[in-house]
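Below is data_17.cif, holding mmCIF, C-alpha atoms and all ligand atoms.
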```cif
data_start
#
loop_
_atom_site.label_atom_id
_atom_site.label_comp_id
_atom_site.auth_asym_id
_atom_site.auth_seq_id
_atom_site.Cartn_x
_atom_site.Cartn_y
_atom_site.Cartn_z
CA MET A 1 -8.22 0.90 24.22
CA TYR A 2 -6.26 -0.30 21.14
CA LYS A 3 -3.39 -1.42 23.41
CA LEU A 4 -5.72 -3.82 25.20
CA TRP A 5 -7.22 -5.11 21.94
CA ARG A 6 -3.72 -5.46 20.51
CA SER A 7 -2.46 -7.52 23.44
CA PHE A 8 -5.32 -9.94 22.79
CA LEU A 9 -4.80 -9.96 19.01
CA PHE A 10 -1.07 -10.56 19.37
CA LEU A 11 -1.83 -13.81 21.21
CA LEU A 12 -3.37 -15.11 18.00
CA ASP A 13 -1.74 -16.18 14.77
CA ALA A 14 -1.17 -12.97 12.76
CA GLU A 15 -3.45 -13.84 9.85
CA LYS A 16 -6.25 -15.03 12.14
CA ALA A 17 -5.93 -11.77 14.09
CA HIS A 18 -6.26 -9.79 10.84
CA LYS A 19 -9.42 -11.71 9.89
CA LEU A 20 -10.92 -11.34 13.34
CA SER A 21 -10.26 -7.59 13.35
CA PHE A 22 -12.11 -7.29 10.04
CA LYS A 23 -15.15 -9.08 11.51
CA VAL A 24 -15.10 -6.94 14.64
CA LEU A 25 -14.79 -3.76 12.56
CA LYS A 26 -17.88 -4.61 10.49
CA PHE A 27 -19.84 -5.42 13.63
CA TRP A 28 -18.67 -2.34 15.55
CA PHE A 29 -19.51 0.13 12.82
CA SER A 30 -22.89 -1.52 12.24
CA LEU A 31 -23.98 -0.54 15.76
CA PRO A 32 -26.39 2.41 15.83
CA PHE A 33 -24.23 4.59 18.11
CA THR A 34 -20.98 4.21 16.18
CA GLY A 35 -19.81 6.18 13.17
CA SER A 36 -16.87 8.20 12.10
CA SER A 37 -14.68 9.21 15.01
CA ALA A 38 -12.50 11.26 12.68
CA LYS A 39 -12.79 15.01 12.70
CA LEU A 40 -12.46 16.76 9.36
CA ASP A 41 -9.92 19.50 9.49
CA SER A 42 -9.68 22.07 6.75
CA LYS A 43 -5.98 22.61 7.55
CA LEU A 44 -5.19 19.05 6.47
CA ARG A 45 -7.11 19.12 3.20
CA LEU A 46 -5.02 18.95 0.06
CA SER A 47 -5.32 18.48 -3.64
CA LYS A 48 -2.95 16.11 -5.45
CA MET A 49 -3.18 14.33 -8.80
CA GLY A 50 -6.34 16.34 -9.45
CA LEU A 51 -8.03 14.65 -6.47
CA ASP A 52 -9.21 16.15 -3.18
CA PHE A 53 -7.88 14.46 -0.05
CA ALA A 54 -9.31 15.16 3.42
CA ASN A 55 -5.78 14.59 4.73
CA PRO A 56 -2.52 13.11 3.39
CA ILE A 57 -2.69 9.81 5.32
CA GLY A 58 -3.63 6.65 3.45
CA LEU A 59 -4.07 2.97 4.22
CA ALA A 60 -1.45 1.06 2.23
CA ALA A 61 -2.25 -1.74 -0.21
CA GLY A 62 -2.65 -5.26 1.09
CA PHE A 63 -4.60 -4.36 4.21
CA ASP A 64 -8.04 -4.34 2.59
CA LYS A 65 -7.17 -6.34 -0.50
CA ASN A 66 -10.76 -6.99 -1.53
CA GLY A 67 -12.13 -3.57 -0.64
CA THR A 68 -14.69 -5.00 1.77
CA HIS A 69 -14.06 -2.54 4.63
CA ILE A 70 -13.51 0.83 2.97
CA ASP A 71 -16.29 2.58 4.90
CA GLU A 72 -14.95 1.25 8.19
CA PHE A 73 -11.38 2.40 7.48
CA ALA A 74 -12.65 5.76 6.27
CA ASN A 75 -14.32 6.10 9.69
CA PHE A 76 -10.87 5.93 11.28
CA GLY A 77 -9.97 9.09 9.41
CA PHE A 78 -7.83 7.91 6.50
CA GLY A 79 -7.79 10.40 3.63
CA PHE A 80 -7.35 7.61 1.12
CA ILE A 81 -7.47 3.85 0.94
CA GLU A 82 -5.63 1.67 -1.53
CA VAL A 83 -7.30 -1.65 -2.30
CA GLY A 84 -5.61 -4.72 -3.80
CA THR A 85 -3.26 -5.92 -4.97
CA VAL A 86 -5.95 -7.38 -7.15
CA THR A 87 -5.40 -9.88 -9.95
CA PRO A 88 -7.73 -10.77 -12.86
CA LYS A 89 -8.69 -14.12 -11.35
CA PRO A 90 -9.12 -14.98 -7.67
CA GLN A 91 -6.15 -16.77 -6.15
CA ALA A 92 -5.44 -18.34 -2.77
CA GLY A 93 -1.90 -17.05 -2.31
CA ASN A 94 0.91 -18.97 -0.65
CA PRO A 95 0.42 -21.76 1.91
CA LYS A 96 -0.06 -20.70 5.54
CA PRO A 97 1.55 -19.65 7.80
CA ARG A 98 2.58 -16.66 5.70
CA LEU A 99 2.29 -13.68 8.03
CA PHE A 100 4.60 -13.14 11.01
CA ARG A 101 5.17 -10.39 13.57
CA LEU A 102 8.64 -9.36 14.68
CA ILE A 103 7.48 -7.62 17.83
CA GLU A 104 10.91 -6.55 19.08
CA ASP A 105 11.49 -4.80 15.77
CA GLU A 106 7.94 -3.50 15.31
CA GLY A 107 8.12 -5.34 12.02
CA ILE A 108 6.10 -7.77 9.94
CA ILE A 109 7.24 -10.44 7.49
CA ASN A 110 4.69 -11.59 4.94
CA ARG A 111 4.65 -13.92 1.98
CA MET A 112 0.92 -13.70 1.30
CA GLY A 113 1.41 -13.98 -2.48
CA PHE A 114 -1.45 -11.76 -3.71
CA ASN A 115 -4.22 -13.76 -2.07
CA ASN A 116 -7.34 -11.99 -3.31
CA GLU A 117 -10.84 -12.63 -4.58
CA GLY A 118 -10.17 -11.29 -8.06
CA VAL A 119 -11.08 -8.09 -9.85
CA ASP A 120 -14.81 -8.85 -10.28
CA ALA A 121 -15.30 -9.42 -6.55
CA LEU A 122 -13.39 -6.21 -5.81
CA ILE A 123 -15.69 -4.28 -8.13
CA SER A 124 -18.78 -5.67 -6.33
CA SER A 125 -17.32 -4.39 -3.05
CA LEU A 126 -16.47 -0.99 -4.52
CA LYS A 127 -20.03 -0.60 -5.78
CA LYS A 128 -21.25 -0.88 -2.18
CA VAL A 129 -19.01 1.82 -0.68
CA LYS A 130 -21.13 4.50 1.00
CA ASN A 131 -18.39 7.05 1.73
CA LYS A 132 -18.15 9.23 -1.37
CA SER A 133 -15.36 11.51 -0.19
CA VAL A 134 -12.56 9.08 0.63
CA VAL A 135 -10.12 8.65 -2.24
CA ILE A 136 -9.75 5.04 -3.42
CA GLY A 137 -6.68 3.67 -5.16
CA GLY A 138 -6.65 0.41 -7.11
CA ASN A 139 -3.42 -1.54 -6.81
CA ILE A 140 -3.13 -4.03 -9.69
CA GLY A 141 -0.99 -7.09 -10.27
CA LYS A 142 -0.78 -10.34 -12.17
CA ASN A 143 -1.90 -13.86 -11.32
CA LYS A 144 0.82 -16.24 -10.20
CA VAL A 145 0.10 -18.61 -13.11
CA THR A 146 0.55 -15.86 -15.69
CA PRO A 147 4.13 -15.87 -17.03
CA ASN A 148 5.95 -12.53 -17.09
CA GLU A 149 5.82 -12.48 -20.93
CA LYS A 150 2.02 -12.26 -20.65
CA ALA A 151 1.88 -10.09 -17.53
CA VAL A 152 0.82 -6.99 -19.47
CA GLU A 153 -2.48 -8.72 -20.30
CA ASP A 154 -3.29 -9.22 -16.60
CA TYR A 155 -2.55 -5.57 -15.78
CA LYS A 156 -4.66 -4.49 -18.76
CA ILE A 157 -7.64 -6.57 -17.58
CA CYS A 158 -7.49 -5.13 -14.06
CA PHE A 159 -6.96 -1.61 -15.37
CA GLU A 160 -9.86 -1.74 -17.81
CA LYS A 161 -12.32 -3.34 -15.40
CA LEU A 162 -11.45 -1.18 -12.40
CA HIS A 163 -11.21 2.09 -14.27
CA PRO A 164 -14.73 3.37 -13.45
CA TYR A 165 -14.46 2.45 -9.77
CA VAL A 166 -11.18 3.88 -8.47
CA HIS A 167 -9.67 7.35 -8.35
CA TYR A 168 -6.08 6.34 -9.08
CA PHE A 169 -4.11 3.25 -10.08
CA VAL A 170 -0.98 1.63 -8.73
CA VAL A 171 1.04 -0.77 -10.84
CA ASN A 172 2.59 -3.25 -8.46
CA VAL A 173 5.72 -4.91 -9.82
CA SER A 174 7.52 -4.90 -6.49
CA SER A 175 6.04 -7.65 -4.33
CA PRO A 176 8.71 -10.19 -3.39
CA ASN A 177 6.08 -12.91 -2.97
CA THR A 178 5.06 -13.62 -6.56
CA PRO A 179 7.87 -15.50 -8.30
CA ASN A 180 9.82 -13.29 -10.75
CA LEU A 181 7.40 -10.35 -10.42
CA ARG A 182 10.18 -7.97 -9.49
CA GLU A 183 11.87 -8.66 -12.84
CA LEU A 184 9.14 -6.48 -14.32
CA GLN A 185 10.88 -3.55 -12.63
CA GLU A 186 13.66 -3.87 -15.20
CA LYS A 187 13.87 -1.11 -17.76
CA GLU A 188 12.43 -2.63 -20.93
CA PRO A 189 9.52 -4.66 -19.52
CA LEU A 190 8.59 -1.80 -17.20
CA LYS A 191 8.59 0.76 -19.99
CA ALA A 192 6.42 -1.53 -22.12
CA LEU A 193 3.96 -2.15 -19.28
CA LEU A 194 3.58 1.48 -18.24
CA SER A 195 3.34 2.78 -21.82
CA THR A 196 0.60 0.27 -22.61
CA LEU A 197 -1.44 1.27 -19.57
CA GLN A 198 -0.86 4.95 -20.16
CA GLU A 199 -1.96 4.61 -23.80
CA MET A 200 -5.17 2.91 -22.65
CA ASN A 201 -5.62 5.58 -20.00
CA VAL A 202 -5.38 8.61 -22.24
CA LYS A 203 -7.93 7.09 -24.62
CA THR A 204 -10.58 7.05 -21.87
CA SER A 205 -12.87 10.04 -21.32
CA THR A 206 -11.58 10.37 -17.74
CA PRO A 207 -7.89 9.43 -17.53
CA LYS A 208 -6.85 8.40 -14.01
CA PRO A 209 -3.49 8.99 -12.31
CA ILE A 210 -1.20 5.97 -12.61
CA LEU A 211 1.58 5.42 -10.06
CA LEU A 212 4.30 2.80 -9.96
CA LYS A 213 5.00 1.00 -6.68
CA ILE A 214 8.64 0.10 -6.24
CA ALA A 215 10.76 -2.07 -3.96
CA PRO A 216 13.11 -0.53 -1.39
CA ASP A 217 15.88 -2.85 -2.54
CA LEU A 218 16.69 -1.04 -5.79
CA THR A 219 20.17 0.41 -6.29
CA ASN A 220 20.63 4.09 -7.14
CA GLU A 221 21.24 3.07 -10.76
CA GLN A 222 17.93 1.21 -10.79
CA LEU A 223 16.24 4.22 -9.18
CA ASP A 224 17.70 6.36 -11.97
CA ASP A 225 16.05 4.03 -14.49
CA ILE A 226 12.75 4.33 -12.62
CA ILE A 227 13.01 8.12 -12.71
CA GLU A 228 13.73 8.03 -16.44
CA ILE A 229 10.80 5.71 -17.16
CA VAL A 230 8.35 7.70 -15.06
CA LEU A 231 9.31 10.86 -16.95
CA GLU A 232 9.29 9.15 -20.32
CA THR A 233 5.93 7.41 -19.95
CA ASN A 234 4.56 10.48 -18.19
CA ILE A 235 2.73 8.54 -15.50
CA GLU A 236 1.66 10.47 -12.39
CA GLY A 237 4.36 9.27 -10.04
CA VAL A 238 5.71 6.63 -7.70
CA ILE A 239 4.82 4.86 -4.46
CA ALA A 240 7.92 4.11 -2.44
CA ASN A 241 8.12 1.50 -0.96
CA ASN A 242 6.92 -2.04 -0.93
CA THR A 243 8.39 -4.54 1.58
CA THR A 244 12.09 -5.40 1.60
CA ILE A 245 13.83 -8.73 1.18
CA SER A 246 16.67 -7.47 3.40
CA ARG A 247 16.97 -8.69 6.98
CA ASP A 248 19.73 -6.29 8.01
CA GLY A 249 19.85 -4.73 11.45
CA LEU A 250 17.04 -6.69 13.08
CA LYS A 251 16.85 -7.07 16.87
CA THR A 252 14.87 -10.32 16.63
CA ASN A 253 17.27 -13.23 16.97
CA LEU A 254 18.65 -14.68 13.79
CA SER A 255 17.25 -18.19 14.23
CA THR A 256 13.70 -16.86 14.65
CA VAL A 257 14.10 -14.79 11.50
CA GLU A 258 15.61 -17.73 9.61
CA ASN A 259 12.80 -20.03 10.73
CA ILE A 260 10.23 -17.60 9.34
CA GLY A 261 11.89 -17.88 5.94
CA ALA A 262 11.16 -15.94 2.77
CA GLY A 263 8.92 -12.89 2.59
CA GLY A 264 8.83 -9.13 2.58
CA LEU A 265 9.75 -7.22 5.70
CA SER A 266 7.84 -4.08 6.65
CA GLY A 267 7.50 -1.75 9.62
CA ALA A 268 10.15 0.06 11.66
CA PRO A 269 13.14 -1.70 10.00
CA LEU A 270 12.08 0.04 6.79
CA THR A 271 11.88 3.61 8.12
CA GLU A 272 15.39 4.79 7.36
CA ARG A 273 15.70 3.13 3.94
CA SER A 274 12.33 4.50 2.87
CA SER A 275 13.37 8.03 3.84
CA GLN A 276 16.57 7.63 1.80
CA VAL A 277 14.70 6.39 -1.26
CA MET A 278 12.22 9.25 -0.92
CA ARG A 279 14.98 11.86 -0.90
CA TYR A 280 16.68 10.25 -3.89
CA LEU A 281 13.48 10.03 -5.92
CA ARG A 282 12.46 13.58 -5.05
CA SER A 283 15.72 14.96 -6.34
CA GLY A 284 15.03 13.38 -9.75
CA LEU A 285 11.25 13.72 -9.90
CA LYS A 286 10.67 17.34 -9.01
CA ASP A 287 7.16 17.71 -10.41
CA LYS A 288 5.84 14.17 -9.96
CA VAL A 289 3.71 12.82 -7.14
CA ILE A 290 5.50 10.53 -4.69
CA ILE A 291 3.61 8.63 -2.03
CA GLY A 292 5.79 7.69 0.94
CA VAL A 293 5.21 4.36 2.64
CA GLY A 294 7.42 2.09 4.69
CA GLY A 295 8.13 2.26 8.38
CA ILE A 296 5.89 5.18 9.28
CA MET A 297 5.28 4.13 12.87
CA THR A 298 4.92 7.52 14.61
CA ALA A 299 3.70 11.02 13.88
CA LYS A 300 7.34 12.15 13.72
CA ASP A 301 8.09 9.55 11.02
CA ALA A 302 5.14 10.92 9.04
CA VAL A 303 6.34 14.51 9.29
CA GLN A 304 9.86 13.42 8.35
CA ARG A 305 8.65 11.54 5.25
CA LEU A 306 6.74 14.59 4.08
CA LYS A 307 9.88 16.66 4.65
CA ASP A 308 11.86 14.08 2.64
CA GLY A 309 9.62 14.93 -0.29
CA ALA A 310 6.44 12.85 -0.04
CA ASP A 311 3.21 14.40 -1.27
CA LEU A 312 1.12 11.84 0.58
CA ILE A 313 1.92 9.01 2.98
CA GLN A 314 0.56 5.55 3.71
CA VAL A 315 0.75 3.19 6.65
CA TYR A 316 0.38 -0.55 7.06
CA SER A 317 2.57 -1.97 9.86
CA GLY A 318 2.26 1.23 11.90
CA PHE A 319 -1.51 0.74 11.89
CA VAL A 320 -1.09 -2.85 13.12
CA TYR A 321 1.25 -1.83 15.95
CA LYS A 322 -0.29 1.53 16.94
CA GLY A 323 -3.92 1.28 15.80
CA PRO A 324 -6.22 4.20 14.97
CA ASP A 325 -4.37 6.49 17.41
CA LEU A 326 -1.55 6.65 14.86
CA ILE A 327 -3.84 8.44 12.43
CA LYS A 328 -5.05 10.81 15.12
CA ASN A 329 -1.49 11.56 16.29
CA ILE A 330 -0.21 12.17 12.78
CA LYS A 331 -3.05 14.61 12.15
CA GLU A 332 -2.31 16.49 15.38
CA GLU A 333 1.39 16.68 14.57
CA LEU A 334 0.70 17.89 11.04
CA LYS A 335 -1.63 20.59 12.29
CA ASN A 336 1.04 21.82 14.68
CA SER A 337 4.01 21.55 12.35
C1 LIG A 401 0.61 -8.49 5.19
C2 LIG A 401 0.98 -7.49 4.13
C3 LIG A 401 0.41 -7.60 2.86
C4 LIG A 401 0.75 -6.69 1.88
N1 LIG A 401 0.16 -6.79 0.66
C5 LIG A 401 0.47 -5.89 -0.30
C6 LIG A 401 -0.15 -5.95 -1.56
O1 LIG A 401 -1.00 -6.80 -1.83
N2 LIG A 401 0.21 -5.03 -2.49
C7 LIG A 401 1.12 -4.04 -2.24
O2 LIG A 401 1.40 -3.22 -3.11
N3 LIG A 401 1.72 -3.96 -1.03
C8 LIG A 401 1.41 -4.85 -0.08
N4 LIG A 401 2.01 -4.76 1.14
C9 LIG A 401 3.04 -3.71 1.36
C10 LIG A 401 2.46 -2.47 2.03
O3 LIG A 401 1.47 -1.86 1.23
C11 LIG A 401 3.57 -1.46 2.32
O4 LIG A 401 4.12 -1.03 1.10
C12 LIG A 401 4.69 -2.04 3.18
O5 LIG A 401 4.16 -2.87 4.18
C13 LIG A 401 5.55 -0.96 3.84
O6 LIG A 401 4.77 -0.17 4.68
P1 LIG A 401 4.74 -0.35 6.28
O7 LIG A 401 6.15 -0.36 6.76
O8 LIG A 401 3.91 0.81 6.79
O9 LIG A 401 4.07 -1.66 6.54
C14 LIG A 401 1.69 -5.66 2.16
C15 LIG A 401 2.25 -5.56 3.43
C16 LIG A 401 1.91 -6.46 4.40
C17 LIG A 401 2.54 -6.33 5.76
#
```
Let me see whether you can do it: turn the structure in this file into structure tokens.
Amino acid sequence: MYKLWRSFLFLLDAEKAHKLSFKVLKFWFSLPFTGSSAKLDSKLRLSKMGLDFANPIGLAAGFDKNGTHIDEFANFGFGFIEVGTVTPKPQAGNPKPRLFRLIEDEGIINRMGFNNEGVDALISSLKKVKNKSVVIGGNIGKNKVTPNEKAVEDYKICFEKLHPYVHYFVVNVSSPNTPNLRELQEKEPLKALLSTLQEMNVKTSTPKPILLKIAPDLTNEQLDDIIEIVLETNIEGVIANNTTISRDGLKTNLSTVENIGAGGLSGAPLTERSSQVMRYLRSGLKDKVIIGVGGIMTAKDAVQRLKDGADLIQVYSGFVYKGPDLIKNIKEELKNS
């Protein structure tokens, strides 16, 4: 069924296809005979970060940026859904076209640039969510117009406002599509940002887990710094990885890739690198939570990432290419492994 729908969607511009899918999803799940097709399985249940997950499979950030379709995605059987990246103020993101499929590679290149409706609109959506068991993560960022020196203020605003409405937080400093954002991954600014948020967090009556989302393009030395900072600031853990700026090893011909231009690459080309990063991080972060994302396109990839050391996993491109069957297949494989 998804294969047929996909062959239609792939005829359309990628961003239009995404928007159309969202409309169809709302309509489909509003019909009286539809509902959750996902079976709950006690074997897949797990507790991490003090939260109960129906299963370890999450929808990665950027898919439902404004949190408008959480109930619909929960119906597909995700154990958790990460909304955002959200910024304090709404912003349009980069000019279109900004989303491209590399079908031969089962990849996606995007330079969306944190297009989102802002934190207040996200909160309105979160207030309407009916599903009370799905875990919701809030992925926070800064507005494009905010200079890096003032970035902490943007993260603080999002953190404070969203705090009552999400179960965990993700600090996104790893998108390649907001100019200079990735500089915040450097040791000093990162330590300052995470300590500030963690200080705010522990002062609340219900502190929430905070995770840091990193880029797959960091060197081992930079990963060592990340490990040190995570331990020093005592945040909950890491999400590895965001999209890559690398274009190595693609099957799609070079001129097509060059014509697409700048952006972050995701999907199958990221599988191997994400596994490597996971193993490296796990060796240095024994007791921390690590969420594995990047190139999980099959049930086998999911099992492998968990073996590499992930506590939980997320999918984005795999869901675009394989649809809801990917979730079902991963669950089956996990039950049998
Ligand atoms: C179109 C698109 C938009 C994305 N937007 C965000 C975002 O806003 N925030 C974020 O942290 N990651 C974002 N991501 C990255 C994904 O959450 C994920 O880390 C990355 O795509 C690797 O996973 P995948 O190979 O399963 O796609 C986006 C990815 C894509 C393809």
Determine the nearest neighbour of A:Val238 from the options A:Glu272, A:Asp311, A:Asp120, A:Glu149, counting only C-alpha atoms.
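The closest residue to A:Val238 is A:Asp311.
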Atom CA of A:Trp5 to atom CA of A:Thr68: how many Å, to one decimal?
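Atom-to-atom, atom CA of A:Trp5 to atom CA of A:Thr68, that is 21.5 Å.
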Residues around (1.1, -13.9, 5.9), cut-off 12 Å, counting all atoms listed in the file - what are they as a PyMOL selection string?
chain A and resi 13-19+62-63+92-101+108-115+177+260-266
Which residues are near ligand LIG 401 (chain A) in this structure, taking near to mean any atom at most 6 Å from a ligand atom and counting all atoms listed in the file? Format them as number ranges by chain.
A: 60-62, 84-85, 108, 110, 114, 172, 241-243, 266-267, 270, 293-296, 315-318
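Our summary of the geometry notes that atom CA of A:Glu232 is positioned 26.1 Å from atom CA of A:Lys307.
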Applying 12 Å and all atoms listed in the file, which residues near A:Ser7 remain after dropping the ones on its own chain fewer than 4 positions away? List them as a PyMOL selection string.
chain A and resi 1-3+11-12+17+103+320-323
What gap, in Å, lies between atom CA of A:Thr204 and atom CA of A:Lys130?
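Interatomic distance here is 25.3 Å.
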